[in-house]
$ cat query_39.tsv   # TSV, C-alpha atoms and all ligand atoms
chain	number	residue	atom	x	y	z
M	622	MET	CA	10.13	5.44	-14.57
M	623	ILE	CA	11.47	1.91	-13.98
M	624	VAL	CA	9.21	0.09	-16.43
M	625	HIS	CA	9.52	1.14	-20.07
M	626	PRO	CA	6.75	3.71	-20.77
M	627	ALA	CA	5.54	1.72	-23.80
M	628	ILE	CA	5.08	-1.36	-21.58
M	629	VAL	CA	3.19	0.68	-18.97
M	630	LYS	CA	0.96	2.07	-21.73
M	631	TYR	CA	0.35	-1.43	-23.11
M	632	LEU	CA	-0.48	-2.88	-19.67
M	633	GLN	CA	-2.86	-0.01	-18.95
M	634	GLU	CA	-4.53	-0.42	-22.33
M	635	ILE	CA	-5.24	-4.15	-21.93
M	636	SER	CA	-6.67	-3.83	-18.39
M	637	GLU	CA	-10.26	-2.64	-18.15
M	638	PRO	CA	-11.02	0.04	-15.51
M	639	VAL	CA	-12.63	-1.67	-12.50
M	640	HIS	CA	-14.73	1.25	-11.21
M	641	PRO	CA	-15.43	4.79	-12.53
M	642	VAL	CA	-14.65	6.34	-9.10
M	643	LEU	CA	-11.09	5.00	-9.38
M	644	GLN	CA	-10.72	6.86	-12.67
M	645	GLU	CA	-12.00	10.04	-11.03
M	646	MET	CA	-9.39	9.60	-8.30
M	647	GLU	CA	-6.65	9.06	-10.89
M	648	ALA	CA	-7.65	12.33	-12.57
M	649	LEU	CA	-7.52	14.16	-9.21
M	650	ALA	CA	-4.10	12.68	-8.41
M	651	THR	CA	-2.79	13.93	-11.78
M	652	GLU	CA	-4.35	17.37	-11.24
M	653	LYS	CA	-2.89	17.71	-7.71
M	654	SER	CA	0.38	15.83	-8.45
M	655	PHE	CA	-0.54	13.56	-5.55
M	656	PRO	CA	1.37	10.25	-5.43
M	657	ILE	CA	-1.04	7.30	-5.72
M	658	MET	CA	-0.09	3.71	-6.48
M	659	GLY	CA	-1.81	3.87	-9.86
M	660	PRO	CA	-3.96	1.36	-11.76
M	661	LEU	CA	-1.35	-1.37	-12.32
M	662	VAL	CA	-0.49	-1.64	-8.62
M	663	GLY	CA	-4.17	-1.17	-7.77
M	664	ARG	CA	-4.97	-4.22	-9.85
M	665	LEU	CA	-2.24	-6.16	-8.01
M	666	LEU	CA	-3.81	-5.17	-4.65
M	667	TYR	CA	-7.21	-6.31	-5.90
M	668	PHE	CA	-5.66	-9.60	-7.04
M	669	LEU	CA	-4.00	-10.20	-3.64
M	670	VAL	CA	-7.22	-9.55	-1.70
M	671	GLU	CA	-9.16	-11.97	-3.93
M	672	PHE	CA	-6.43	-14.61	-4.08
M	673	GLY	CA	-5.72	-14.57	-0.35
M	674	HIS	CA	-9.41	-14.57	0.69
M	675	ILE	CA	-8.48	-11.48	2.70
M	676	HIS	CA	-11.01	-10.02	5.17
M	677	HIS	CA	-9.12	-7.59	7.42
M	678	ILE	CA	-6.77	-4.99	5.96
M	679	LEU	CA	-4.75	-2.16	7.50
M	680	GLU	CA	-3.28	0.60	5.35
M	681	CYS	CA	-0.69	2.99	6.76
M	682	GLY	CA	-0.63	6.18	4.68
M	683	SER	CA	-3.89	5.93	2.75
M	684	GLY	CA	-3.89	9.42	1.20
M	685	PHE	CA	-7.31	10.15	-0.30
M	686	GLY	CA	-8.15	6.46	-0.43
M	687	TYR	CA	-7.19	5.36	-3.96
M	688	SER	CA	-5.25	2.18	-3.09
M	689	ALA	CA	-7.71	1.50	-0.24
M	690	LEU	CA	-10.68	1.68	-2.62
M	691	TRP	CA	-9.07	-0.88	-4.94
M	692	MET	CA	-8.78	-3.26	-1.96
M	693	ALA	CA	-12.27	-2.47	-0.63
M	694	LEU	CA	-13.79	-3.34	-4.01
M	695	ALA	CA	-12.20	-6.80	-3.80
M	696	LEU	CA	-13.23	-7.37	-0.17
M	697	PRO	CA	-16.29	-9.47	0.64
M	698	GLU	CA	-19.25	-7.62	2.18
M	699	ASN	CA	-18.15	-8.65	5.70
M	700	GLY	CA	-14.55	-7.55	5.10
M	701	ASN	CA	-13.06	-4.32	6.39
M	702	ILE	CA	-10.18	-1.96	5.80
M	703	THR	CA	-8.71	0.41	8.38
M	704	CYS	CA	-6.98	3.44	6.89
M	705	ILE	CA	-4.45	5.43	8.92
M	706	GLU	CA	-3.76	8.87	7.49
M	707	SER	CA	-2.25	11.94	9.15
M	708	ASP	CA	-3.86	14.58	6.88
M	709	PRO	CA	-7.53	15.27	7.74
M	710	GLN	CA	-8.24	16.77	4.30
M	711	ASN	CA	-7.21	13.49	2.66
M	712	ILE	CA	-9.53	11.59	4.99
M	713	GLU	CA	-12.48	13.83	4.07
M	714	LEU	CA	-11.82	13.30	0.38
M	715	ALA	CA	-11.43	9.53	0.90
M	716	LYS	CA	-14.78	9.37	2.72
M	717	SER	CA	-16.57	11.07	-0.17
M	718	PHE	CA	-14.96	8.75	-2.76
M	719	PHE	CA	-15.80	5.64	-0.68
M	720	GLU	CA	-19.37	6.85	-0.33
M	721	GLN	CA	-19.63	7.50	-4.07
M	722	ALA	CA	-18.38	3.97	-4.75
M	723	GLY	CA	-20.81	2.43	-2.21
M	724	GLN	CA	-17.95	1.11	-0.06
M	725	LEU	CA	-18.15	3.36	3.02
M	726	HIS	CA	-19.50	0.51	5.18
M	727	LYS	CA	-16.22	-1.40	4.76
M	728	VAL	CA	-13.81	1.33	5.90
M	729	THR	CA	-12.64	2.86	9.19
M	730	PHE	CA	-10.47	5.98	9.07
M	731	ILE	CA	-7.97	6.86	11.79
M	732	GLU	CA	-6.49	10.36	11.62
M	733	ASN	CA	-3.09	10.14	13.29
M	734	ASP	CA	0.53	9.16	12.81
M	735	ALA	CA	0.68	5.50	11.79
M	736	LEU	CA	3.56	4.71	14.16
M	737	ALA	CA	1.62	6.04	17.16
M	738	VAL	CA	-1.52	4.17	16.12
M	739	LEU	CA	0.30	0.87	15.60
M	740	LYS	CA	1.66	1.08	19.16
M	741	SER	CA	-1.90	1.20	20.47
M	742	LEU	CA	-3.55	-1.39	18.20
M	743	SER	CA	-4.16	-4.99	19.19
M	744	GLY	CA	-5.19	-7.99	17.11
M	745	THR	CA	-3.90	-8.94	13.69
M	746	TYR	CA	-4.71	-8.23	10.04
M	747	ASP	CA	-4.62	-10.49	6.99
M	748	MET	CA	-2.95	-7.80	4.91
M	749	ILE	CA	-1.06	-4.62	5.79
M	750	VAL	CA	-0.10	-1.95	3.26
M	751	ASN	CA	2.70	0.46	4.04
M	752	ASP	CA	2.89	3.73	2.08
M	753	ILE	CA	3.91	6.34	4.69
M	754	HIS	CA	6.85	8.81	4.58
M	755	LYS	CA	9.83	6.87	3.30
M	756	GLU	CA	12.08	8.15	6.12
M	757	GLN	CA	9.80	6.30	8.57
M	758	TYR	CA	9.94	2.93	6.80
M	759	PRO	CA	12.65	1.29	8.96
M	760	ASP	CA	10.92	2.41	12.17
M	761	ILE	CA	7.47	1.18	11.24
M	762	LEU	CA	8.45	-2.38	10.29
M	763	PRO	CA	8.88	-3.70	13.88
M	764	LEU	CA	5.49	-2.15	14.72
M	765	ILE	CA	3.80	-3.76	11.70
M	766	LEU	CA	5.10	-7.29	12.31
M	767	PRO	CA	3.06	-8.13	15.44
M	768	ARG	CA	-0.09	-6.82	13.73
M	769	LEU	CA	0.27	-9.16	10.71
M	770	ARG	CA	-1.11	-12.66	11.14
M	771	VAL	CA	1.02	-15.66	10.20
M	772	GLY	CA	0.35	-16.25	6.49
M	773	GLY	CA	-0.64	-12.60	6.08
M	774	ILE	CA	0.80	-10.29	3.42
M	775	LEU	CA	2.69	-7.04	3.84
M	776	VAL	CA	2.67	-4.82	0.75
M	777	THR	CA	5.07	-1.88	0.63
M	778	ASP	CA	5.19	0.78	-2.07
M	779	ASN	CA	8.17	2.65	-3.58
M	780	LEU	CA	10.87	0.11	-2.72
M	781	LEU	CA	12.90	0.80	-5.89
M	782	TRP	CA	12.43	4.59	-5.62
M	783	LYS	CA	12.70	5.50	-9.32
M	784	GLY	CA	15.62	3.07	-9.55
M	785	GLU	CA	17.68	5.22	-7.16
M	786	VAL	CA	18.23	2.29	-4.74
M	787	ALA	CA	20.47	0.75	-7.43
M	788	ASN	CA	22.44	3.95	-8.02
M	789	PRO	CA	25.60	3.88	-5.88
M	790	ASN	CA	26.05	7.63	-6.42
M	791	SER	CA	22.50	8.60	-5.46
M	792	THR	CA	22.21	11.79	-3.43
M	793	ASP	CA	18.48	11.31	-2.75
M	794	SER	CA	17.95	11.66	1.01
M	795	LYS	CA	15.21	8.98	1.07
M	796	VAL	CA	17.38	6.24	-0.45
M	797	PRO	CA	19.23	5.18	2.76
M	798	PHE	CA	15.90	4.69	4.56
M	799	ILE	CA	14.40	2.63	1.74
M	800	LYS	CA	17.56	0.53	1.41
M	801	LYS	CA	17.58	-0.12	5.16
M	802	TYR	CA	13.91	-1.16	4.99
M	803	ASN	CA	14.61	-3.48	2.04
M	804	SER	CA	17.47	-5.05	3.94
M	805	LEU	CA	15.17	-5.57	6.95
M	806	LEU	CA	12.49	-7.16	4.72
M	807	PHE	CA	15.00	-9.66	3.33
M	808	ASN	CA	16.74	-10.38	6.65
M	809	THR	CA	13.84	-10.71	9.06
M	810	PRO	CA	13.39	-14.46	9.66
M	811	GLU	CA	9.60	-14.09	10.07
M	812	LEU	CA	9.27	-12.64	6.56
M	813	PHE	CA	9.73	-14.06	3.09
M	814	SER	CA	9.93	-11.13	0.69
M	815	THR	CA	10.20	-10.19	-2.94
M	816	ILE	CA	10.08	-6.87	-4.80
M	817	LEU	CA	8.19	-6.56	-8.07
M	818	PRO	CA	9.63	-3.94	-10.44
M	819	LEU	CA	6.16	-2.61	-11.14
M	820	ARG	CA	5.69	1.19	-11.18
M	821	ASP	CA	8.06	2.32	-8.35
M	822	GLY	CA	8.79	-1.15	-6.92
M	823	VAL	CA	6.21	-3.05	-4.86
M	824	GLY	CA	7.40	-5.16	-1.92
M	825	LEU	CA	5.47	-8.32	-1.13
M	826	SER	CA	6.24	-10.11	2.13
M	827	ILE	CA	4.51	-13.08	3.69
M	828	LYS	CA	4.70	-13.66	7.44
M	829	LEU	CA	6.00	-17.14	8.17
M	830	GLN	CA	5.42	-19.48	11.07
M	831	LEU	CA	8.94	-19.83	12.45
M	832	LYS	CA	10.01	-23.50	12.68
M	833	SER	CA	10.85	-23.24	16.37
M	834	GLU	CA	7.39	-21.82	17.26
Z	1	LIG	C1	1.94	8.22	-1.10
Z	1	LIG	S1	0.59	8.87	-0.24
Z	1	LIG	C2	-0.52	7.52	-0.12
Z	1	LIG	C3	-1.18	7.11	-1.35
Z	1	LIG	C4	-2.13	5.96	-1.22
Z	1	LIG	N1	-1.54	4.81	-0.58
Z	1	LIG	C5	-2.64	5.58	-2.59
Z	1	LIG	O1	-1.92	4.91	-3.33
Z	1	LIG	O2	-3.75	6.01	-2.92
Z	1	LIG	C6	1.22	8.88	1.40
Z	1	LIG	C7	0.20	9.35	2.41
Z	1	LIG	O3	0.65	8.95	3.69
Z	1	LIG	C8	0.41	9.98	4.62
Z	1	LIG	N2	1.43	9.76	5.67
Z	1	LIG	C9	2.77	9.87	5.54
Z	1	LIG	N3	3.38	9.48	6.67
Z	1	LIG	C10	2.39	9.14	7.53
Z	1	LIG	C11	2.38	8.65	8.86
Z	1	LIG	N4	3.50	8.47	9.54
Z	1	LIG	N5	1.19	8.38	9.44
Z	1	LIG	C12	0.03	8.55	8.77
Z	1	LIG	N6	-0.03	9.01	7.50
Z	1	LIG	C13	1.14	9.29	6.89
Z	1	LIG	C14	0.54	11.27	3.83
Z	1	LIG	O4	-0.24	12.29	4.43
Z	1	LIG	C15	0.01	10.86	2.46
Z	1	LIG	O5	-1.35	11.14	2.34
$ encode --input "query_39.tsv" --output "structure tokens" --more "lines below"
Ligand SMILES: C[S@@+](CC[C@H](N)C(=O)[O-])C[C@H]1O[C@@H](n2cnc3c(N)ncnc32)[C@H](O)[C@@H]1O
Amino acid sequence: MIVHPAIVKYLQEISEPVHPVLQEMEALATEKSFPIMGPLVGRLLYFLVEFGHIHHILECGSGFGYSALWMALALPENGNITCIESDPQNIELAKSFFEQAGQLHKVTFIENDALAVLKSLSGTYDMIVNDIHKEQYPDILPLILPRLRVGGILVTDNLLWKGEVANPNSTDSKVPFIKKYNSLLFNTPELFSTILPLRDGVGLSIKLQLKSE
């Protein structure tokens, strides 16, 4: 854990749960040891959607819909979120949670590999969330960029990978892919990026209008 456990506990204690279905999903994630972004990052996603007056969101790697539900709850009634997820069982679970929370009308699920889907999509989104297999991070970034509108936000999870990205002796096989992705985020002229050391490291990137455009 990157953030001191006592700080995490304190932050979780002072922030009210936003919806009971989210708490149900947190319990399921704990029971199944399924990696979700958790309530502190969920609250950040909610904040970004509200702050940015976001309407159109794309999530790559939506699991059973936990992070997506946080964003959907912050979306206006005419907003929408498209969730790409390769595991059909996760999509079925996500549908039932979205229905329970009264948010099914805001979501579209696509069951496929996110890289393949991105190659076929057109148009742009106000916000894109990337939480797919870490080994695929460097390959997905060039596919995400054309789908993000200028001024839009890219959010990427796990960019500090339990702190392993800062360990020069790390033997974790995912670390080189995450480090390459981080380097791309900070060296792509169209992006201005930062990484918040919250939970496992959350990347925030804004797409810039290049001066020469
Ligand atoms: C970490 S979990 C997502 C958790 C979710 N974002 C949340 O916080 O609630 C990653 C999910 O991405 C899916 N996934 C991984 N690589 C993918 C890919 N290339 N295309 C589509 N889905 C992918 C996995 O099946 C898994 O459900």
$ closest_atom_pairs --input "query_39.tsv" --of "chain M" --to "ligand LIG 1 (chain Z)" --cutoff "7 Å" --atoms "only C-alpha atoms and all ligand atoms" --output "tab-separated table"
residue	atom	partner	partner_atom	distance
M:Pro656	CA	Z:LIG1	C1	4.8
M:Ile657	CA	Z:LIG1	O1	3.5
M:Met658	CA	Z:LIG1	O1	3.8
M:Gly659	CA	Z:LIG1	O1	6.6
M:Cys681	CA	Z:LIG1	C12	6.0
M:Gly682	CA	Z:LIG1	O3	3.2
M:Ser683	CA	Z:LIG1	N1	4.2
M:Gly684	CA	Z:LIG1	O5	3.3
M:Phe685	CA	Z:LIG1	O2	6.1
M:Gly686	CA	Z:LIG1	O2	5.1
M:Tyr687	CA	Z:LIG1	O2	3.7
M:Ser688	CA	Z:LIG1	O2	4.1
M:Ala689	CA	Z:LIG1	O2	6.6
M:Ile705	CA	Z:LIG1	C12	5.5
M:Glu706	CA	Z:LIG1	N6	3.7
M:Ser707	CA	Z:LIG1	N6	4.0
M:Asp708	CA	Z:LIG1	O4	4.9
M:Asn711	CA	Z:LIG1	O5	6.3
M:Asn733	CA	Z:LIG1	C12	5.7
M:Asp734	CA	Z:LIG1	N5	3.5
M:Ala735	CA	Z:LIG1	N5	3.8
M:Leu736	CA	Z:LIG1	N4	6.0
M:Asp752	CA	Z:LIG1	N1	5.3
M:Ile753	CA	Z:LIG1	N3	3.7
M:His754	CA	Z:LIG1	N3	4.1
M:Gln757	CA	Z:LIG1	N4	6.7
$ residues_around --input "query_39.tsv" --residues "segment 763-778 of chain M" --least-positions-apart "2" --cutoff "8 Å" --atoms "all atoms listed in the file" --output "ChimeraX atom specification"
/M:658,736,739-740,742-752,759-761,780,821-830
$ atom_distance --input "query_39.tsv" --atom1 "atom CA of Phe719 of chain M" --atom2 "atom CA of Leu762 of chain M"
27.8 Å
$ axis_aligned_box --input "query_39.tsv" --around "segment 760-776 of chain M" --padding-each-side "3 Å" --output "JSON"
{"center_x": 4.9, "center_y": -6.9, "center_z": 8.1, "size_x": 18.0, "size_y": 24.7, "size_z": 20.7}
$ residues_around --input "query_39.tsv" --residues "Asn701 of chain M" --least-positions-apart "4" --cutoff "9 Å" --atoms "only C-alpha atoms" --output "ChimeraX atom specification"
/M:676-679,693,696-697,726-729
$ write_last_selection --input "query_39.tsv" --atoms "C-alpha atoms" --output "PDB file, in the frame of the given file"
ATOM      1  CA  HIS M 676     -11.010 -10.020   5.170  1.00  0.00           C
ATOM      2  CA  HIS M 677      -9.120  -7.590   7.420  1.00  0.00           C
ATOM      3  CA  ILE M 678      -6.770  -4.990   5.960  1.00  0.00           C
ATOM      4  CA  LEU M 679      -4.750  -2.160   7.500  1.00  0.00           C
ATOM      5  CA  ALA M 693     -12.270  -2.470  -0.630  1.00  0.00           C
ATOM      6  CA  LEU M 696     -13.230  -7.370  -0.170  1.00  0.00           C
ATOM      7  CA  PRO M 697     -16.290  -9.470   0.640  1.00  0.00           C
ATOM      8  CA  HIS M 726     -19.500   0.510   5.180  1.00  0.00           C
ATOM      9  CA  LYS M 727     -16.220  -1.400   4.760  1.00  0.00           C
ATOM     10  CA  VAL M 728     -13.810   1.330   5.900  1.00  0.00           C
ATOM     11  CA  THR M 729     -12.640   2.860   9.190  1.00  0.00           C
TER      12      THR M 729
END
$ residues_around --input "query_39.tsv" --residues "Pro818 of chain M" --least-positions-apart "6" --cutoff "12 Å" --atoms "all atoms listed in the file" --output "short mmCIF file (atom, residue, chain, number, x, y, z; two decimals) with C-alpha atoms, in the coordinates of the input"
data_model
loop_
_atom_site.label_atom_id
_atom_site.label_comp_id
_atom_site.auth_asym_id
_atom_site.auth_seq_id
_atom_site.Cartn_x
_atom_site.Cartn_y
_atom_site.Cartn_z
CA MET M 622 10.13 5.44 -14.57
CA ILE M 623 11.47 1.91 -13.98
CA VAL M 624 9.21 0.09 -16.43
CA HIS M 625 9.52 1.14 -20.07
CA VAL M 629 3.19 0.68 -18.97
CA LEU M 661 -1.35 -1.37 -12.32
CA VAL M 662 -0.49 -1.64 -8.62
CA ASP M 778 5.19 0.78 -2.07
CA ASN M 779 8.17 2.65 -3.58
CA LEU M 780 10.87 0.11 -2.72
CA LEU M 781 12.90 0.80 -5.89
CA TRP M 782 12.43 4.59 -5.62
CA LYS M 783 12.70 5.50 -9.32
CA GLY M 784 15.62 3.07 -9.55
CA GLY M 824 7.40 -5.16 -1.92
CA LEU M 825 5.47 -8.32 -1.13
#
$ closest_residue --input "query_39.tsv" --among "M:Pro660, M:Leu819, M:Tyr667, M:Phe672" --to "Ala648 of chain M" --atoms "all atoms listed in the file"
M:Pro660
$ atom_distance --input "query_39.tsv" --atom1 "atom CA of Thr815 of chain M" --atom2 "atom CA of Gly673 of chain M"
16.7 Å
